[in-house]
Structure formats: C-alpha cells, structure tokens
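Here's model_14.pdb, which has PDB, C-alpha atoms, pLDDT in the B column:
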ATOM      1  CA  MET A   1     161.191 317.338 118.278  1.00 49.00           C
ATOM      2  CA  ALA A   2     158.059 315.265 117.695  1.00 75.00           C
ATOM      3  CA  ILE A   3     154.791 317.062 117.106  1.00 80.00           C
ATOM      4  CA  LYS A   4     152.286 316.238 119.843  1.00 89.00           C
ATOM      5  CA  GLY A   5     148.528 316.455 119.576  1.00 93.00           C
ATOM      6  CA  GLN A   6     145.643 315.691 121.877  1.00 95.00           C
ATOM      7  CA  ILE A   7     142.853 313.594 120.408  1.00 96.00           C
ATOM      8  CA  ASP A   8     139.544 314.731 121.887  1.00 96.00           C
ATOM      9  CA  CYS A   9     137.020 313.192 119.487  1.00 96.00           C
ATOM     10  CA  ILE A  10     136.622 310.278 117.084  1.00 94.00           C
ATOM     11  CA  ARG A  11     134.394 309.098 114.249  1.00 94.00           C
ATOM     12  CA  LYS A  12     133.217 305.523 114.667  1.00 89.00           C
ATOM     13  CA  ARG A  13     132.239 303.008 112.045  1.00 83.00           C
ATOM     14  CA  ASP A  14     130.663 299.602 112.368  1.00 77.00           C
ATOM     15  CA  GLY A  15     133.470 297.119 112.436  1.00 67.00           C
ATOM     16  CA  ASP A  16     134.330 293.946 114.237  1.00 66.00           C
ATOM     17  CA  GLY A  17     138.092 294.326 114.533  1.00 62.00           C
ATOM     18  CA  PRO A  18     139.899 296.916 116.669  1.00 61.00           C
ATOM     19  CA  TRP A  19     141.428 298.384 113.502  1.00 61.00           C
ATOM     20  CA  ASP A  20     137.976 298.869 112.017  1.00 67.00           C
ATOM     21  CA  ARG A  21     136.132 300.630 114.852  1.00 83.00           C
ATOM     22  CA  ILE A  22     137.518 304.155 114.375  1.00 90.00           C
ATOM     23  CA  SER A  23     137.578 305.945 111.032  1.00 92.00           C
ATOM     24  CA  HIS A  24     138.833 309.388 112.140  1.00 95.00           C
ATOM     25  CA  VAL A  25     140.421 311.130 115.126  1.00 97.00           C
ATOM     26  CA  GLY A  26     140.286 314.846 115.843  1.00 97.00           C
ATOM     27  CA  GLY A  27     141.369 317.600 118.174  1.00 97.00           C
ATOM     28  CA  VAL A  28     142.132 321.305 118.446  1.00 93.00           C
ATOM     29  CA  HIS A  29     145.214 323.171 117.177  1.00 89.00           C
ATOM     30  CA  PRO A  30     146.879 325.578 119.615  1.00 85.00           C
ATOM     31  CA  ASP A  31     145.369 328.420 117.504  1.00 91.00           C
ATOM     32  CA  GLY A  32     141.866 327.125 118.303  1.00 90.00           C
ATOM     33  CA  THR A  33     141.018 325.589 114.926  1.00 93.00           C
ATOM     34  CA  ARG A  34     139.801 321.995 114.822  1.00 96.00           C
ATOM     35  CA  TRP A  35     141.572 319.210 112.945  1.00 96.00           C
ATOM     36  CA  LYS A  36     140.433 315.747 111.882  1.00 97.00           C
ATOM     37  CA  LEU A  37     142.503 312.922 110.374  1.00 97.00           C
ATOM     38  CA  THR A  38     141.664 309.479 109.088  1.00 96.00           C
ATOM     39  CA  GLN A  39     142.965 306.723 111.300  1.00 94.00           C
ATOM     40  CA  GLU A  40     145.239 305.677 108.420  1.00 95.00           C
ATOM     41  CA  ARG A  41     146.741 309.206 108.245  1.00 97.00           C
ATOM     42  CA  ALA A  42     147.225 309.286 112.032  1.00 96.00           C
ATOM     43  CA  VAL A  43     149.050 305.930 111.818  1.00 96.00           C
ATOM     44  CA  HIS A  44     151.302 307.310 109.059  1.00 96.00           C
ATOM     45  CA  LEU A  45     152.114 310.453 111.058  1.00 96.00           C
ATOM     46  CA  MET A  46     152.877 308.407 114.161  1.00 96.00           C
ATOM     47  CA  GLU A  47     155.240 306.234 112.141  1.00 96.00           C
ATOM     48  CA  GLU A  48     156.918 309.480 111.028  1.00 95.00           C
ATOM     49  CA  GLY A  49     157.471 310.516 114.657  1.00 94.00           C
ATOM     50  CA  TRP A  50     154.327 312.398 115.659  1.00 94.00           C
ATOM     51  CA  GLY A  51     152.798 311.699 119.067  1.00 94.00           C
ATOM     52  CA  PHE A  52     149.112 311.672 119.912  1.00 95.00           C
ATOM     53  CA  TYR A  53     147.516 311.310 123.332  1.00 94.00           C
ATOM     54  CA  VAL A  54     144.133 311.218 125.040  1.00 93.00           C
ATOM     55  CA  ALA A  55     143.514 313.003 128.346  1.00 90.00           C
ATOM     56  CA  VAL A  56     142.251 310.492 130.910  1.00 81.00           C
ATOM     57  CA  SER A  57     141.512 311.835 134.405  1.00 81.00           C
ATOM     58  CA  GLY A  58     143.985 314.676 133.847  1.00 83.00           C
ATOM     59  CA  GLN A  59     146.753 312.347 132.666  1.00 85.00           C
ATOM     60  CA  ALA A  60     148.076 311.759 129.145  1.00 87.00           C
ATOM     61  CA  ALA A  61     147.365 308.286 127.784  1.00 89.00           C
ATOM     62  CA  TRP A  62     149.743 308.076 124.824  1.00 92.00           C
ATOM     63  CA  CYS A  63     148.640 306.453 121.602  1.00 93.00           C
ATOM     64  CA  GLU A  64     150.606 303.753 119.834  1.00 93.00           C
ATOM     65  CA  VAL A  65     150.423 302.007 116.485  1.00 94.00           C
ATOM     66  CA  VAL A  66     149.636 298.316 116.701  1.00 91.00           C
ATOM     67  CA  ILE A  67     149.114 295.599 114.114  1.00 91.00           C
ATOM     68  CA  SER A  68     146.155 293.253 114.384  1.00 85.00           C
ATOM     69  CA  GLN A  69     146.316 289.514 113.753  1.00 85.00           C
ATOM     70  CA  GLN A  70     144.891 290.330 110.321  1.00 85.00           C
ATOM     71  CA  ARG A  71     147.936 292.593 109.670  1.00 90.00           C
ATOM     72  CA  CYS A  72     145.909 295.840 109.839  1.00 88.00           C
ATOM     73  CA  LYS A  73     147.506 298.867 111.527  1.00 92.00           C
ATOM     74  CA  TYR A  74     145.465 300.955 113.941  1.00 91.00           C
ATOM     75  CA  ILE A  75     145.956 303.246 116.916  1.00 92.00           C
ATOM     76  CA  ARG A  76     145.101 302.653 120.538  1.00 89.00           C
ATOM     77  CA  THR A  77     146.243 304.114 123.805  1.00 89.00           C
ATOM     78  CA  ALA A  78     149.117 302.248 125.381  1.00 84.00           C
ATOM     79  CA  ALA A  79     147.131 301.637 128.573  1.00 67.00           C
ATOM     80  CA  ASP A  80     144.249 299.914 126.796  1.00 58.00           C
ATOM     81  CA  GLY A  81     145.669 296.536 125.823  1.00 58.00           C
ATOM     82  CA  ASP A  82     143.485 294.962 123.141  1.00 54.00           C
ATOM     83  CA  LEU A  83     140.451 297.175 123.698  1.00 53.00           C
ATOM     84  CA  PRO A  84     140.896 300.837 122.684  1.00 52.00           C
ATOM     85  CA  ASN A  85     138.378 302.076 125.260  1.00 74.00           C
ATOM     86  CA  ASN A  86     140.100 305.421 125.937  1.00 85.00           C
ATOM     87  CA  LEU A  87     139.621 306.309 122.272  1.00 88.00           C
ATOM     88  CA  LEU A  88     136.205 304.684 121.897  1.00 84.00           C
ATOM     89  CA  ASN A  89     134.891 306.581 124.929  1.00 86.00           C
ATOM     90  CA  LEU A  90     135.626 309.964 123.317  1.00 91.00           C
ATOM     91  CA  PRO A  91     132.739 311.967 121.844  1.00 93.00           C
ATOM     92  CA  GLU A  92     131.998 311.897 118.113  1.00 93.00           C
ATOM     93  CA  CYS A  93     133.758 314.493 115.960  1.00 93.00           C
ATOM     94  CA  SER A  94     131.422 316.725 114.012  1.00 83.00           C
TER
END

Go ahead and render the structure in this file as structure tokens.
Amino acid sequence: MAIKGQIDCIRKRDGDGPWDRISHVGGVHPDGTRWKLTQERAVHLMEEGWGFYVAVSGQAAWCEVVISQQRCKYIRTAADGDLPNNLLNLPECS
C-alpha cells in the first residue's frame, strides 16, 4: 500500500519555472510531529509509490510528478494544469 501524506505548507524560492518555485513541502505525521522534504525528495518518493495531496475545499487534490520543457521534474496538483496554484497558495513552512 502506498504511503499517503497531506502537504499543508511549502517553502518558496524565487524562480521563473514551475519546477523552481517550490523548494520544500511539509505536513504533519499522524503522531503530530511535523515533516518537511525538499521538492526533489518528494519527487523521488512519489516515483517510488508514495502519494501526496493538498486539501482544497475539503477535497483531496492529488499531487503528480511532471517534467518541464527544460526536463526538470517537479510536483503539482493534478487539477492545476501548468500553474501549481494549490501548492503555491499554501502557507510557508517554518
């Protein structure tokens, strides 16, 4: 069974491409401790079968790995198309 995790915060960086806008994603373990991963690590885990999602209006917006025209891998929510607004609208991780 795939491990599922809710992303509830991000770390942004100044970047022009969609792959370069988010440096880290984070959330809360079921035991209440916080976690934070680099976007690159989240991509790797997703390629290994993990699933991440963002809660949007009470619904799960599942994340997917995509490859930019510049051949860079990044994550976005499936509903976002080219603009990862569901992720970008999350608060900053501490």

How many Å lie between CA of Lys4 in chain A and CA of Gly51 in chain A, rounded to one decimal?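 Those two atoms sit 4.6 Å apart.
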
Under the rule that all atoms listed in the file are counted, which of A:Gln59, A:Glu40, A:Phe52, A:Leu45 is the nearest residue to Cys72 in chain A?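 Result for the nearest residue to Cys72 in chain A: A:Glu40.
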
So the first atom is CA of Cys63 in chain A and the second is CA of Ile75 in chain A; what is the distance between them in Å, to one decimal place?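 Pair CA of Cys63 in chain A / CA of Ile75 in chain A returns 6.3 Å.
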
Taking the file as shown, what set of residues would the PyMOL selection byres ((chain A and resi 28) around 10) give back, as a PDB file with C-alpha atoms, in the frame of the given file?
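So out-v5.pdb came out as:
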ATOM      1  CA  GLY A   5     148.528 316.455 119.576  1.00 93.00           C
ATOM      2  CA  GLN A   6     145.643 315.691 121.877  1.00 95.00           C
ATOM      3  CA  ILE A   7     142.853 313.594 120.408  1.00 96.00           C
ATOM      4  CA  ASP A   8     139.544 314.731 121.887  1.00 96.00           C
ATOM      5  CA  CYS A   9     137.020 313.192 119.487  1.00 96.00           C
ATOM      6  CA  GLY A  26     140.286 314.846 115.843  1.00 97.00           C
ATOM      7  CA  GLY A  27     141.369 317.600 118.174  1.00 97.00           C
ATOM      8  CA  HIS A  29     145.214 323.171 117.177  1.00 89.00           C
ATOM      9  CA  PRO A  30     146.879 325.578 119.615  1.00 85.00           C
ATOM     10  CA  ASP A  31     145.369 328.420 117.504  1.00 91.00           C
ATOM     11  CA  GLY A  32     141.866 327.125 118.303  1.00 90.00           C
ATOM     12  CA  THR A  33     141.018 325.589 114.926  1.00 93.00           C
ATOM     13  CA  ARG A  34     139.801 321.995 114.822  1.00 96.00           C
ATOM     14  CA  TRP A  35     141.572 319.210 112.945  1.00 96.00           C
ATOM     15  CA  LYS A  36     140.433 315.747 111.882  1.00 97.00           C
TER      16      LYS A  36
END

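Take the candidates A:Gly49, A:Thr38, A:Glu64, A:Val56 and check each one against Asn89 in chain A using only C-alpha atoms; the shortest distance goes to A:Val56.
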
Find the residues around Ile22 in chain A up to 8 Å (only C-alpha atoms counted), leave out those fewer than 6 positions away in its own chain, and share them as a ChimeraX atom specification. /A:10-13,39,88

How many Å separate CA of Ala42 in chain A from CA of Asn85 in chain A?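 Between CA of Ala42 in chain A and CA of Asn85 in chain A the gap works out to 17.5 Å.
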
Which neighbours of Val65 in chain A fall inside 8 Å, counting only C-alpha atoms, when residues of the same chain fewer than 2 positions from it are skipped, and could you give them as a PyMOL selection string? chain A and resi 43+46-47+63+67+73-76

Assuming the input is short of atoms at range 67-78 of chain A, produce all heavy atoms for that part as a PDB file, keeping the file's coordinate frame.
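As written to disk, out-v5.pdb reads:
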ATOM      1  N   ILE A  67     149.504 296.375 115.286  1.00 91.00           N
ATOM      2  CA  ILE A  67     149.114 295.599 114.114  1.00 91.00           C
ATOM      3  C   ILE A  67     148.256 294.430 114.591  1.00 91.00           C
ATOM      4  O   ILE A  67     148.662 293.664 115.461  1.00 91.00           O
ATOM      5  CB  ILE A  67     150.350 295.089 113.344  1.00 91.00           C
ATOM      6  CG1 ILE A  67     151.218 296.270 112.897  1.00 91.00           C
ATOM      7  CG2 ILE A  67     149.925 294.246 112.147  1.00 91.00           C
ATOM      8  CD1 ILE A  67     152.530 295.877 112.261  1.00 91.00           C
ATOM      9  N   SER A  68     147.071 294.322 114.002  1.00 85.00           N
ATOM     10  CA  SER A  68     146.155 293.253 114.384  1.00 85.00           C
ATOM     11  C   SER A  68     146.647 291.910 113.840  1.00 85.00           C
ATOM     12  O   SER A  68     147.571 291.849 113.030  1.00 85.00           O
ATOM     13  CB  SER A  68     144.761 293.538 113.815  1.00 85.00           C
ATOM     14  OG  SER A  68     144.766 293.374 112.408  1.00 85.00           O
ATOM     15  N   GLN A  69     145.997 290.848 114.271  1.00 85.00           N
ATOM     16  CA  GLN A  69     146.316 289.514 113.753  1.00 85.00           C
ATOM     17  C   GLN A  69     146.063 289.428 112.255  1.00 85.00           C
ATOM     18  O   GLN A  69     146.662 288.615 111.570  1.00 85.00           O
ATOM     19  CB  GLN A  69     145.507 288.447 114.486  1.00 85.00           C
ATOM     20  CG  GLN A  69     145.901 288.286 115.926  1.00 85.00           C
ATOM     21  CD  GLN A  69     145.042 287.256 116.635  1.00 85.00           C
ATOM     22  OE1 GLN A  69     144.024 286.796 116.126  1.00 85.00           O
ATOM     23  NE2 GLN A  69     145.454 286.888 117.838  1.00 85.00           N
ATOM     24  N   GLN A  70     145.192 290.303 111.757  1.00 85.00           N
ATOM     25  CA  GLN A  70     144.891 290.330 110.321  1.00 85.00           C
ATOM     26  C   GLN A  70     145.842 291.261 109.562  1.00 85.00           C
ATOM     27  O   GLN A  70     145.639 291.538 108.403  1.00 85.00           O
ATOM     28  CB  GLN A  70     143.434 290.781 110.099  1.00 85.00           C
ATOM     29  CG  GLN A  70     142.411 289.783 110.554  1.00 85.00           C
ATOM     30  CD  GLN A  70     142.214 289.777 112.079  1.00 85.00           C
ATOM     31  OE1 GLN A  70     142.675 290.656 112.804  1.00 85.00           O
ATOM     32  NE2 GLN A  70     141.542 288.756 112.575  1.00 85.00           N
ATOM     33  N   ARG A  71     146.885 291.743 110.252  1.00 90.00           N
ATOM     34  CA  ARG A  71     147.936 292.593 109.670  1.00 90.00           C
ATOM     35  C   ARG A  71     147.448 294.005 109.342  1.00 90.00           C
ATOM     36  O   ARG A  71     147.992 294.674 108.480  1.00 90.00           O
ATOM     37  CB  ARG A  71     148.572 291.960 108.431  1.00 90.00           C
ATOM     38  CG  ARG A  71     149.055 290.525 108.608  1.00 90.00           C
ATOM     39  CD  ARG A  71     150.191 290.335 109.572  1.00 90.00           C
ATOM     40  NE  ARG A  71     151.371 291.108 109.187  1.00 90.00           N
ATOM     41  CZ  ARG A  71     152.294 291.523 110.049  1.00 90.00           C
ATOM     42  NH1 ARG A  71     152.185 291.224 111.311  1.00 90.00           N
ATOM     43  NH2 ARG A  71     153.321 292.207 109.646  1.00 90.00           N
ATOM     44  N   CYS A  72     146.425 294.486 110.030  1.00 88.00           N
ATOM     45  CA  CYS A  72     145.909 295.840 109.839  1.00 88.00           C
ATOM     46  C   CYS A  72     146.480 296.745 110.934  1.00 88.00           C
ATOM     47  O   CYS A  72     146.450 296.388 112.109  1.00 88.00           O
ATOM     48  CB  CYS A  72     144.390 295.854 109.915  1.00 88.00           C
ATOM     49  SG  CYS A  72     143.588 294.865 108.645  1.00 88.00           S
ATOM     50  N   LYS A  73     146.980 297.912 110.559  1.00 92.00           N
ATOM     51  CA  LYS A  73     147.506 298.867 111.527  1.00 92.00           C
ATOM     52  C   LYS A  73     146.378 299.750 112.040  1.00 92.00           C
ATOM     53  O   LYS A  73     145.487 300.146 111.287  1.00 92.00           O
ATOM     54  CB  LYS A  73     148.574 299.749 110.885  1.00 92.00           C
ATOM     55  CG  LYS A  73     149.826 298.999 110.513  1.00 92.00           C
ATOM     56  CD  LYS A  73     150.845 299.951 109.926  1.00 92.00           C
ATOM     57  CE  LYS A  73     152.097 299.205 109.511  1.00 92.00           C
ATOM     58  NZ  LYS A  73     153.102 300.123 108.930  1.00 92.00           N
ATOM     59  N   TYR A  74     146.430 300.053 113.333  1.00 91.00           N
ATOM     60  CA  TYR A  74     145.465 300.955 113.941  1.00 91.00           C
ATOM     61  C   TYR A  74     146.098 301.604 115.162  1.00 91.00           C
ATOM     62  O   TYR A  74     147.193 301.225 115.573  1.00 91.00           O
ATOM     63  CB  TYR A  74     144.161 300.237 114.297  1.00 91.00           C
ATOM     64  CG  TYR A  74     144.281 299.176 115.371  1.00 91.00           C
ATOM     65  CD1 TYR A  74     143.905 299.450 116.681  1.00 91.00           C
ATOM     66  CD2 TYR A  74     144.747 297.891 115.080  1.00 91.00           C
ATOM     67  CE1 TYR A  74     143.997 298.472 117.670  1.00 91.00           C
ATOM     68  CE2 TYR A  74     144.838 296.922 116.057  1.00 91.00           C
ATOM     69  CZ  TYR A  74     144.459 297.211 117.344  1.00 91.00           C
ATOM     70  OH  TYR A  74     144.557 296.256 118.322  1.00 91.00           O
ATOM     71  N   ILE A  75     145.422 302.607 115.721  1.00 92.00           N
ATOM     72  CA  ILE A  75     145.956 303.246 116.916  1.00 92.00           C
ATOM     73  C   ILE A  75     145.107 302.887 118.124  1.00 92.00           C
ATOM     74  O   ILE A  75     143.906 302.636 118.018  1.00 92.00           O
ATOM     75  CB  ILE A  75     146.062 304.783 116.772  1.00 92.00           C
ATOM     76  CG1 ILE A  75     144.708 305.427 116.583  1.00 92.00           C
ATOM     77  CG2 ILE A  75     146.996 305.157 115.643  1.00 92.00           C
ATOM     78  CD1 ILE A  75     144.754 306.946 116.610  1.00 92.00           C
ATOM     79  N   ARG A  76     145.768 302.853 119.257  1.00 89.00           N
ATOM     80  CA  ARG A  76     145.101 302.653 120.538  1.00 89.00           C
ATOM     81  C   ARG A  76     145.960 303.358 121.578  1.00 89.00           C
ATOM     82  O   ARG A  76     147.107 303.716 121.310  1.00 89.00           O
ATOM     83  CB  ARG A  76     144.947 301.177 120.886  1.00 89.00           C
ATOM     84  CG  ARG A  76     146.276 300.510 121.191  1.00 89.00           C
ATOM     85  CD  ARG A  76     146.100 299.090 121.659  1.00 89.00           C
ATOM     86  NE  ARG A  76     147.412 298.535 122.006  1.00 89.00           N
ATOM     87  CZ  ARG A  76     147.689 297.264 122.011  1.00 89.00           C
ATOM     88  NH1 ARG A  76     146.763 296.382 121.687  1.00 89.00           N
ATOM     89  NH2 ARG A  76     148.901 296.842 122.340  1.00 89.00           N
ATOM     90  N   THR A  77     145.407 303.560 122.753  1.00 89.00           N
ATOM     91  CA  THR A  77     146.243 304.114 123.805  1.00 89.00           C
ATOM     92  C   THR A  77     147.012 302.977 124.449  1.00 89.00           C
ATOM     93  O   THR A  77     146.524 301.847 124.549  1.00 89.00           O
ATOM     94  CB  THR A  77     145.417 304.889 124.858  1.00 89.00           C
ATOM     95  OG1 THR A  77     144.401 304.054 125.371  1.00 89.00           O
ATOM     96  CG2 THR A  77     144.827 306.150 124.266  1.00 89.00           C
ATOM     97  N   ALA A  78     148.221 303.272 124.849  1.00 84.00           N
ATOM     98  CA  ALA A  78     149.117 302.248 125.381  1.00 84.00           C
ATOM     99  C   ALA A  78     148.516 301.536 126.589  1.00 84.00           C
ATOM    100  O   ALA A  78     148.761 300.352 126.793  1.00 84.00           O
ATOM    101  CB  ALA A  78     150.469 302.871 125.741  1.00 84.00           C
TER     102      ALA A  78
END
